[in-house]
file target.tsv (TSV, C-alpha atoms)
chain	number	residue	atom	x	y	z
L	1	MET	CA	12.16	-20.91	-29.20
L	2	THR	CA	15.78	-22.12	-29.23
L	3	GLN	CA	16.57	-24.72	-26.58
L	4	LEU	CA	19.71	-24.06	-24.54
L	5	SER	CA	22.17	-26.76	-23.68
L	6	THR	CA	23.04	-27.51	-20.05
L	7	ARG	CA	26.39	-25.76	-20.45
L	8	GLU	CA	24.73	-22.65	-21.85
L	9	LYS	CA	22.16	-22.62	-19.03
L	10	VAL	CA	24.95	-22.80	-16.44
L	11	LEU	CA	26.86	-19.97	-18.13
L	12	TRP	CA	23.75	-17.79	-18.29
L	13	ALA	CA	23.00	-18.54	-14.63
L	14	LEU	CA	26.54	-17.59	-13.60
L	15	ALA	CA	26.37	-14.41	-15.65
L	16	ALA	CA	23.03	-13.50	-14.05
L	17	LEU	CA	24.43	-14.21	-10.58
L	18	PHE	CA	27.50	-12.04	-11.25
L	19	ILE	CA	25.40	-9.14	-12.55
L	20	THR	CA	23.02	-9.42	-9.58
L	21	ILE	CA	25.86	-9.34	-7.05
L	22	TYR	CA	27.56	-6.48	-8.93
L	23	ALA	CA	24.33	-4.44	-8.97
L	24	LEU	CA	23.30	-5.13	-5.39
L	25	PHE	CA	26.72	-4.73	-3.74
L	26	PRO	CA	26.43	-0.91	-3.43
L	27	VAL	CA	22.97	-1.32	-1.87
L	28	ALA	CA	24.29	-3.90	0.60
L	29	TRP	CA	27.19	-1.57	1.45
L	30	MET	CA	24.73	1.29	2.07
L	31	VAL	CA	22.64	-0.90	4.39
L	32	SER	CA	25.78	-1.93	6.28
L	33	LEU	CA	26.95	1.68	6.67
L	34	SER	CA	23.50	2.80	7.83
L	35	LEU	CA	23.64	0.22	10.63
L	36	LYS	CA	27.12	1.18	11.85
L	37	SER	CA	27.72	3.45	14.82
L	38	ALA	CA	29.72	6.68	14.43
L	39	GLY	CA	32.87	5.02	15.75
L	40	ASP	CA	32.40	2.00	13.52
L	41	ILE	CA	32.06	3.80	10.17
L	42	SER	CA	35.77	3.87	9.28
L	43	ASN	CA	36.79	0.43	10.54
L	44	GLY	CA	37.03	-0.92	6.97
L	45	SER	CA	34.84	-3.91	7.72
L	46	PHE	CA	31.89	-4.71	5.49
L	47	PHE	CA	29.66	-5.80	8.35
L	48	PRO	CA	28.96	-3.56	11.37
L	49	THR	CA	30.51	-4.66	14.65
L	50	THR	CA	27.09	-4.22	16.24
L	51	ALA	CA	23.99	-3.32	14.26
L	52	GLU	CA	22.78	0.07	15.49
L	53	TRP	CA	19.69	2.10	14.57
L	54	GLU	CA	21.12	5.42	15.74
L	55	ASN	CA	21.55	6.74	12.19
L	56	TYR	CA	17.85	6.21	11.47
L	57	GLY	CA	17.00	7.90	14.76
L	58	LEU	CA	19.33	10.75	13.77
L	59	ILE	CA	17.37	11.55	10.59
L	60	PHE	CA	13.88	11.15	12.10
L	61	VAL	CA	14.21	12.49	15.65
L	62	GLY	CA	17.85	13.57	15.97
L	63	SER	CA	20.01	16.45	14.79
L	64	ALA	CA	19.37	15.70	11.08
L	65	GLN	CA	15.60	15.73	11.52
L	66	GLU	CA	15.24	19.36	10.42
L	67	LEU	CA	17.05	18.56	7.17
L	68	PHE	CA	15.55	15.19	6.30
L	69	VAL	CA	11.88	15.23	7.36
L	70	PRO	CA	10.89	18.46	5.53
L	71	ALA	CA	12.84	17.27	2.49
L	72	LEU	CA	10.99	13.94	2.56
L	73	TRP	CA	7.61	15.69	2.61
L	74	ASN	CA	8.77	18.03	-0.15
L	75	SER	CA	9.81	15.10	-2.34
L	76	ILE	CA	6.54	13.24	-1.78
L	77	GLY	CA	4.34	16.26	-2.42
L	78	ILE	CA	6.25	17.72	-5.37
L	79	CYS	CA	6.69	14.37	-7.12
L	80	LEU	CA	3.04	13.37	-6.67
L	81	ILE	CA	1.78	16.70	-8.05
L	82	ALA	CA	4.27	16.64	-10.94
L	83	THR	CA	3.27	13.06	-11.74
L	84	PHE	CA	-0.46	13.85	-11.64
L	85	VAL	CA	-0.11	16.90	-13.91
L	86	ALA	CA	2.19	15.04	-16.32
L	87	VAL	CA	-0.16	12.04	-16.60
L	88	VAL	CA	-3.26	14.19	-17.18
L	89	LEU	CA	-1.56	16.29	-19.87
L	90	ALA	CA	0.10	13.25	-21.43
L	91	THR	CA	-3.21	11.32	-21.54
L	92	LEU	CA	-4.94	14.08	-23.51
L	93	THR	CA	-1.92	14.63	-25.78
L	94	ALA	CA	-1.29	10.95	-26.42
L	95	TYR	CA	-4.97	10.36	-27.21
L	96	ALA	CA	-4.92	13.18	-29.76
L	97	VAL	CA	-1.71	11.90	-31.32
L	98	ALA	CA	-2.88	8.27	-31.47
L	99	ARG	CA	-6.53	8.82	-32.48
L	100	LEU	CA	-6.96	12.10	-34.28
L	101	ASP	CA	-5.73	13.15	-37.69
L	102	PHE	CA	-4.35	16.67	-37.68
L	103	PRO	CA	-1.29	18.34	-39.14
L	104	GLY	CA	1.76	18.45	-36.93
L	105	LYS	CA	1.03	15.45	-34.71
L	106	ARG	CA	4.31	13.81	-35.68
L	107	ALA	CA	6.02	17.06	-34.77
L	108	ILE	CA	4.58	16.72	-31.25
L	109	LEU	CA	6.21	13.31	-30.82
L	110	THR	CA	9.46	14.56	-32.32
L	111	MET	CA	9.45	17.55	-29.99
L	112	ALA	CA	8.72	15.32	-26.99
L	113	LEU	CA	11.66	13.10	-27.93
L	114	ALA	CA	13.92	16.13	-28.39
L	115	VAL	CA	12.95	17.55	-24.99
L	116	SER	CA	13.54	14.19	-23.29
L	117	ILE	CA	17.16	14.04	-24.53
L	118	PHE	CA	17.88	17.75	-24.00
L	119	PRO	CA	20.71	18.17	-21.44
L	120	VAL	CA	19.18	19.42	-18.20
L	121	ILE	CA	22.33	21.23	-17.14
L	122	SER	CA	21.99	23.64	-20.09
L	123	ILE	CA	18.65	25.07	-18.87
L	124	VAL	CA	19.31	25.15	-15.13
L	125	THR	CA	21.11	28.52	-15.18
L	126	PRO	CA	18.43	30.31	-17.29
L	127	LEU	CA	15.75	28.78	-15.05
L	128	TYR	CA	17.57	29.96	-11.93
L	129	ASN	CA	17.68	33.54	-13.24
L	130	LEU	CA	14.05	33.46	-14.39
L	131	TRP	CA	12.73	31.83	-11.22
L	132	SER	CA	14.63	34.34	-9.06
L	133	ARG	CA	13.00	37.25	-10.88
L	134	ILE	CA	9.40	36.00	-10.88
L	135	GLY	CA	9.45	34.51	-7.38
L	136	LEU	CA	9.39	30.79	-8.18
L	137	TYR	CA	12.88	30.09	-6.80
L	138	ASP	CA	12.80	27.78	-3.76
L	139	THR	CA	9.08	27.01	-4.12
L	140	TRP	CA	7.09	23.86	-4.95
L	141	PRO	CA	5.86	25.23	-8.33
L	142	GLY	CA	9.47	26.16	-9.08
L	143	LEU	CA	10.32	22.44	-9.08
L	144	ILE	CA	7.01	21.02	-10.36
L	145	ILE	CA	7.24	22.96	-13.64
L	146	PRO	CA	10.81	21.80	-14.49
L	147	TYR	CA	9.91	18.25	-13.48
L	148	LEU	CA	7.27	18.28	-16.22
L	149	SER	CA	10.07	18.65	-18.75
L	150	LEU	CA	11.44	15.34	-17.43
L	151	THR	CA	8.20	13.40	-17.01
L	152	LEU	CA	5.91	14.68	-19.77
L	153	PRO	CA	7.87	13.52	-22.87
L	154	ILE	CA	8.22	9.89	-21.80
L	155	SER	CA	4.61	9.91	-20.55
L	156	ILE	CA	3.38	11.03	-23.99
L	157	TRP	CA	5.42	8.37	-25.77
L	158	THR	CA	4.34	5.59	-23.41
L	159	LEU	CA	0.63	6.48	-23.43
L	160	ALA	CA	0.52	7.00	-27.22
L	161	ALA	CA	1.67	3.39	-27.60
L	162	PHE	CA	-1.04	2.17	-25.21
L	163	PHE	CA	-3.78	4.16	-26.96
L	164	ARG	CA	-2.80	2.65	-30.32
L	165	GLN	CA	-3.43	-0.83	-28.89
L	166	ILE	CA	-7.05	-0.05	-27.98
L	167	PRO	CA	-9.46	-1.06	-30.80
L	168	TRP	CA	-10.82	2.00	-32.56
L	169	GLU	CA	-14.17	0.20	-33.07
L	170	LEU	CA	-15.02	0.39	-29.35
L	171	GLU	CA	-14.99	4.18	-29.42
L	172	GLN	CA	-16.96	4.24	-32.67
L	173	ALA	CA	-19.57	1.87	-31.19
L	174	ALA	CA	-20.05	4.17	-28.19
L	175	GLN	CA	-20.57	7.15	-30.49
L	176	VAL	CA	-23.08	5.16	-32.57
L	177	ASP	CA	-25.01	4.50	-29.33
L	178	GLY	CA	-25.26	8.24	-28.75
L	179	ALA	CA	-22.17	9.12	-26.74
L	180	THR	CA	-20.31	12.30	-27.56
L	181	SER	CA	-16.61	12.22	-28.36
L	182	TRP	CA	-15.75	13.31	-24.80
L	183	GLN	CA	-18.11	10.72	-23.27
L	184	ALA	CA	-16.64	7.97	-25.47
L	185	PHE	CA	-13.14	9.01	-24.42
L	186	ARG	CA	-13.99	9.27	-20.71
L	187	LYS	CA	-16.22	6.19	-20.35
L	188	VAL	CA	-14.68	3.80	-22.89
L	189	ILE	CA	-11.10	4.73	-23.74
L	190	VAL	CA	-9.83	5.93	-20.35
L	191	PRO	CA	-10.93	2.77	-18.42
L	192	LEU	CA	-9.28	0.57	-21.06
L	193	ALA	CA	-6.11	2.67	-20.90
L	194	MET	CA	-5.91	2.66	-17.10
L	195	PRO	CA	-3.13	-0.02	-16.96
L	196	GLY	CA	-1.05	2.14	-19.27
L	197	VAL	CA	-1.89	5.30	-17.32
L	198	PHE	CA	-0.90	3.58	-14.07
L	199	THR	CA	2.38	2.34	-15.55
L	200	THR	CA	3.14	5.79	-16.92
L	201	ALA	CA	2.45	7.35	-13.52
L	202	ILE	CA	4.94	5.00	-11.85
L	203	ILE	CA	7.65	5.77	-14.42
L	204	ALA	CA	7.02	9.52	-14.18
L	205	PHE	CA	7.14	9.39	-10.38
L	206	PHE	CA	10.49	7.56	-10.44
L	207	ILE	CA	11.98	10.14	-12.80
L	208	ALA	CA	10.87	13.05	-10.61
L	209	TRP	CA	11.85	11.23	-7.39
L	210	ASN	CA	15.42	10.66	-8.58
L	211	ASP	CA	16.09	14.19	-9.80
L	212	PHE	CA	19.07	15.88	-8.17
L	213	LEU	CA	20.13	18.68	-10.51
L	214	TYR	CA	16.93	20.72	-10.42
L	215	GLY	CA	16.59	20.11	-6.69
L	216	ILE	CA	20.07	21.35	-5.82
L	217	SER	CA	19.98	24.28	-8.28
L	218	LEU	CA	16.49	25.71	-7.76
L	219	THR	CA	16.16	25.47	-3.97
L	220	SER	CA	18.11	26.84	-1.04
L	221	THR	CA	16.03	26.11	2.06
L	222	THR	CA	13.78	23.42	3.49
L	223	ALA	CA	10.78	25.20	1.95
L	224	ALA	CA	11.09	23.13	-1.23
L	225	ARG	CA	14.37	21.21	-1.14
L	226	PRO	CA	13.80	17.53	-2.08
L	227	VAL	CA	15.59	14.59	-0.47
L	228	PRO	CA	18.34	14.06	-3.12
L	229	ALA	CA	19.40	17.68	-2.73
L	230	ALA	CA	19.05	17.58	1.06
L	231	LEU	CA	21.40	14.59	1.28
L	232	SER	CA	24.24	16.77	-0.01
L	233	SER	CA	23.67	19.13	2.93
L	234	PHE	CA	24.08	16.49	5.61
L	235	THR	CA	27.01	17.15	7.92
L	236	GLY	CA	28.16	15.53	11.10
L	237	ALA	CA	27.74	17.00	14.56
L	238	SER	CA	31.32	18.30	14.23
L	239	GLN	CA	34.00	18.54	11.57
L	240	PHE	CA	35.53	15.35	12.96
L	241	GLU	CA	32.34	13.30	12.61
L	242	ASP	CA	31.69	11.40	9.38
L	243	PRO	CA	28.06	11.93	8.22
L	244	ALA	CA	28.13	8.80	6.03
L	245	GLY	CA	25.90	6.87	8.46
L	246	ALA	CA	23.11	9.44	8.41
L	247	ILE	CA	23.41	9.93	4.64
L	248	THR	CA	23.15	6.20	3.91
L	249	ALA	CA	20.26	5.81	6.36
L	250	ALA	CA	18.36	8.58	4.55
L	251	ALA	CA	19.24	7.04	1.18
L	252	ILE	CA	17.91	3.65	2.31
L	253	VAL	CA	14.65	5.23	3.55
L	254	VAL	CA	13.97	6.97	0.23
L	255	THR	CA	15.02	3.92	-1.79
L	256	ILE	CA	12.69	1.44	-0.08
L	257	PRO	CA	9.44	2.77	-1.69
L	258	VAL	CA	11.09	2.68	-5.13
L	259	ILE	CA	12.26	-0.91	-4.67
L	260	VAL	CA	8.83	-2.03	-3.44
L	261	LEU	CA	7.05	-0.40	-6.40
L	262	VAL	CA	9.52	-1.87	-8.91
L	263	LEU	CA	9.16	-5.38	-7.47
L	264	LEU	CA	5.35	-5.13	-7.49
L	265	PHE	CA	4.97	-3.64	-10.96
L	266	GLN	CA	8.14	-4.66	-12.79
L	267	ARG	CA	6.26	-6.30	-15.68
L	268	ARG	CA	4.06	-3.26	-16.25
L	269	ILE	CA	7.07	-0.92	-16.08
L	270	VAL	CA	9.04	-2.95	-18.62
L	271	SER	CA	5.97	-3.18	-20.85
L	272	GLY	CA	5.44	0.56	-20.69
L	273	LEU	CA	9.07	1.38	-21.46
L	274	THR	CA	9.17	-1.13	-24.33
L	275	ASN	CA	5.98	0.11	-25.93
L	276	GLY	CA	7.06	3.71	-25.66
L	277	ALA	CA	10.43	2.95	-27.18
L	278	VAL	CA	9.27	0.87	-30.13
L	279	LYS	CA	6.06	2.48	-31.25
L	280	GLY	CA	5.96	6.09	-32.26
call {"tool": "encode", "arguments": {"input": "target.tsv", "output": "structure tokens"}}
result
Amino acid sequence: MTQLSTREKVLWALAALFITIYALFPVAWMVSLSLKSAGDISNGSFFPTTAEWENYGLIFVGSAQELFVPALWNSIGICLIATFVAVVLATLTAYAVARLDFPGKRAILTMALAVSIFPVISIVTPLYNLWSRIGLYDTWPGLIIPYLSLTLPISIWTLAAFFRQIPWELEQAAQVDGATSWQAFRKVIVPLAMPGVFTTAIIAFFIAWNDFLYGISLTSTTAARPVPAALSSFTGASQFEDPAGAITAAAIVVTIPVIVLVLLFQRRIVSGLTNGAVKG
């Protein structure tokens, strides 16, 4: 490994500090806005005159409760189900791609990559028309199914890389001892792949959690509208009231779980993204 000089270390430290401040400034501004009172929002000051919690009370027990709380439950439920389905399907698909020899397995990976880079905006309108006709518009399944198009491709790529790292001999040894192919997969391969499965689940959950386009296009009521789409519906108590405080308070609430998960599992997330990107 190349040793850095003192000057280079200082430059790298300053660069890291600048990037950190640049990246965290919007978050700090959101926290400041969420703690400002309605009359303090437009004062131009970075810090609130007096830290208030009224915006958080507004979204949980106040006038914005009917918009935010159902949307929060919708986001949690829809994203958890979409993540679970994506991980189960991706585990079986990635195992087949990594372990079995059959024609067309490279086409599966190619198709997954193509779907992952396909522009979402181009399929929203056809989905809206189709969902409206078959009754999936503004329902949980109406969002879970499109979310699979976002989460399944990267889950397949990430898990295929993890499966390739597991020694093939362990599965063969289990079959020699009398286990069937399914038993060897379930009792030997799956436990060894659990770190990769867990990492993939976190990545898939983040992707579904952050979606806005599907949420705003395929829902119209609190029956299925997720938080990112609900935030665009926030208004003040009157046309003269700025809803920025309530919006930023809601944004902070839905961002906290993401930040906590990233801080706890950042190494696993980076490992999963790197493996999925390099090995195909």
call {"tool": "closest_atom_pairs", "arguments": {"input": "target.tsv", "of": "stretch 43-98 of chain L", "to": "stretch 158-175 of chain L", "cutoff": "8 Å", "atoms": "only C-alpha atoms", "output": "CSV"}}
result
residue,atom,partner,partner_atom,distance
L:Ala90,CA,L:Leu159,CA,7.1
L:Thr91,CA,L:Leu159,CA,6.5
L:Ala94,CA,L:Ala160,CA,4.4
L:Tyr95,CA,L:Phe163,CA,6.3
L:Val97,CA,L:Ala160,CA,6.8
L:Ala98,CA,L:Ala160,CA,5.6
call {"tool": "write_last_selection", "arguments": {"input": "target.tsv", "atoms": "C-alpha atoms", "output": "PDB file, keeping the file's coordinate frame"}}
result
ATOM      1  CA  ALA L  90       0.100  13.250 -21.430  1.00  0.00           C
ATOM      2  CA  THR L  91      -3.210  11.320 -21.540  1.00  0.00           C
ATOM      3  CA  ALA L  94      -1.290  10.950 -26.420  1.00  0.00           C
ATOM      4  CA  TYR L  95      -4.970  10.360 -27.210  1.00  0.00           C
ATOM      5  CA  VAL L  97      -1.710  11.900 -31.320  1.00  0.00           C
ATOM      6  CA  ALA L  98      -2.880   8.270 -31.470  1.00  0.00           C
TER       7      ALA L  98
END
call {"tool": "closest_residue", "arguments": {"input": "target.tsv", "among": "L:Val258, L:Ala230, L:Ala223, L:Leu264", "to": "L:Pro141", "atoms": "all atoms listed in the file"}}
result
L:Ala223
call {"tool": "closest_residue", "arguments": {"input": "target.tsv", "among": "L:Asp40, L:Asp211, L:Glu8, L:Glu52", "to": "L:Leu150", "atoms": "only C-alpha atoms"}}
result
L:Asp211
call {"tool": "closest_residue", "arguments": {"input": "target.tsv", "among": "L:Leu100, L:Leu11, L:Val31, L:Leu67", "to": "L:Ser181", "atoms": "all atoms listed in the file"}}
result
L:Leu100
call {"tool": "atom_distance", "arguments": {"input": "target.tsv", "atom1": "atom CA of L:Ser122", "atom2": "atom CA of L:Ile269"}}
result
29.0 Å
call {"tool": "axis_aligned_box", "arguments": {"input": "target.tsv", "around": "stretch 148-167 of chain L", "padding_each_side": "3 Å", "output": "AutoDock Vina command-line options"}}
result
--center_x 1.0 --center_y 8.8 --center_z -23.5 --size_x 26.9 --size_y 25.7 --size_z 20.6
call {"tool": "atom_distance", "arguments": {"input": "target.tsv", "atom1": "atom CA of L:Ile216", "atom2": "atom CA of L:Gly142"}}
result
12.1 Å
call {"tool": "residues_around", "arguments": {"input": "target.tsv", "residues": "stretch 82-87 of chain L", "least_positions_apart": "6", "cutoff": "12 Å", "atoms": "all atoms listed in the file", "output": "PyMOL selection string"}}
result
chain L and resi 74-76+93-95+140-160+193-194+196-209
call {"tool": "write_last_selection", "arguments": {"input": "target.tsv", "atoms": "C-alpha atoms", "output": "PDB file, in the coordinates of the input"}}
result
ATOM      1  CA  ASN L  74       8.770  18.030  -0.150  1.00  0.00           C
ATOM      2  CA  SER L  75       9.810  15.100  -2.340  1.00  0.00           C
ATOM      3  CA  ILE L  76       6.540  13.240  -1.780  1.00  0.00           C
ATOM      4  CA  THR L  93      -1.920  14.630 -25.780  1.00  0.00           C
ATOM      5  CA  ALA L  94      -1.290  10.950 -26.420  1.00  0.00           C
ATOM      6  CA  TYR L  95      -4.970  10.360 -27.210  1.00  0.00           C
ATOM      7  CA  TRP L 140       7.090  23.860  -4.950  1.00  0.00           C
ATOM      8  CA  PRO L 141       5.860  25.230  -8.330  1.00  0.00           C
ATOM      9  CA  GLY L 142       9.470  26.160  -9.080  1.00  0.00           C
ATOM     10  CA  LEU L 143      10.320  22.440  -9.080  1.00  0.00           C
ATOM     11  CA  ILE L 144       7.010  21.020 -10.360  1.00  0.00           C
ATOM     12  CA  ILE L 145       7.240  22.960 -13.640  1.00  0.00           C
ATOM     13  CA  PRO L 146      10.810  21.800 -14.490  1.00  0.00           C
ATOM     14  CA  TYR L 147       9.910  18.250 -13.480  1.00  0.00           C
ATOM     15  CA  LEU L 148       7.270  18.280 -16.220  1.00  0.00           C
ATOM     16  CA  SER L 149      10.070  18.650 -18.750  1.00  0.00           C
ATOM     17  CA  LEU L 150      11.440  15.340 -17.430  1.00  0.00           C
ATOM     18  CA  THR L 151       8.200  13.400 -17.010  1.00  0.00           C
ATOM     19  CA  LEU L 152       5.910  14.680 -19.770  1.00  0.00           C
ATOM     20  CA  PRO L 153       7.870  13.520 -22.870  1.00  0.00           C
ATOM     21  CA  ILE L 154       8.220   9.890 -21.800  1.00  0.00           C
ATOM     22  CA  SER L 155       4.610   9.910 -20.550  1.00  0.00           C
ATOM     23  CA  ILE L 156       3.380  11.030 -23.990  1.00  0.00           C
ATOM     24  CA  TRP L 157       5.420   8.370 -25.770  1.00  0.00           C
ATOM     25  CA  THR L 158       4.340   5.590 -23.410  1.00  0.00           C
ATOM     26  CA  LEU L 159       0.630   6.480 -23.430  1.00  0.00           C
ATOM     27  CA  ALA L 160       0.520   7.000 -27.220  1.00  0.00           C
ATOM     28  CA  ALA L 193      -6.110   2.670 -20.900  1.00  0.00           C
ATOM     29  CA  MET L 194      -5.910   2.660 -17.100  1.00  0.00           C
ATOM     30  CA  GLY L 196      -1.050   2.140 -19.270  1.00  0.00           C
ATOM     31  CA  VAL L 197      -1.890   5.300 -17.320  1.00  0.00           C
ATOM     32  CA  PHE L 198      -0.900   3.580 -14.070  1.00  0.00           C
ATOM     33  CA  THR L 199       2.380   2.340 -15.550  1.00  0.00           C
ATOM     34  CA  THR L 200       3.140   5.790 -16.920  1.00  0.00           C
ATOM     35  CA  ALA L 201       2.450   7.350 -13.520  1.00  0.00           C
ATOM     36  CA  ILE L 202       4.940   5.000 -11.850  1.00  0.00           C
ATOM     37  CA  ILE L 203       7.650   5.770 -14.420  1.00  0.00           C
ATOM     38  CA  ALA L 204       7.020   9.520 -14.180  1.00  0.00           C
ATOM     39  CA  PHE L 205       7.140   9.390 -10.380  1.00  0.00           C
ATOM     40  CA  PHE L 206      10.490   7.560 -10.440  1.00  0.00           C
ATOM     41  CA  ILE L 207      11.980  10.140 -12.800  1.00  0.00           C
ATOM     42  CA  ALA L 208      10.870  13.050 -10.610  1.00  0.00           C
ATOM     43  CA  TRP L 209      11.850  11.230  -7.390  1.00  0.00           C
TER      44      TRP L 209
END
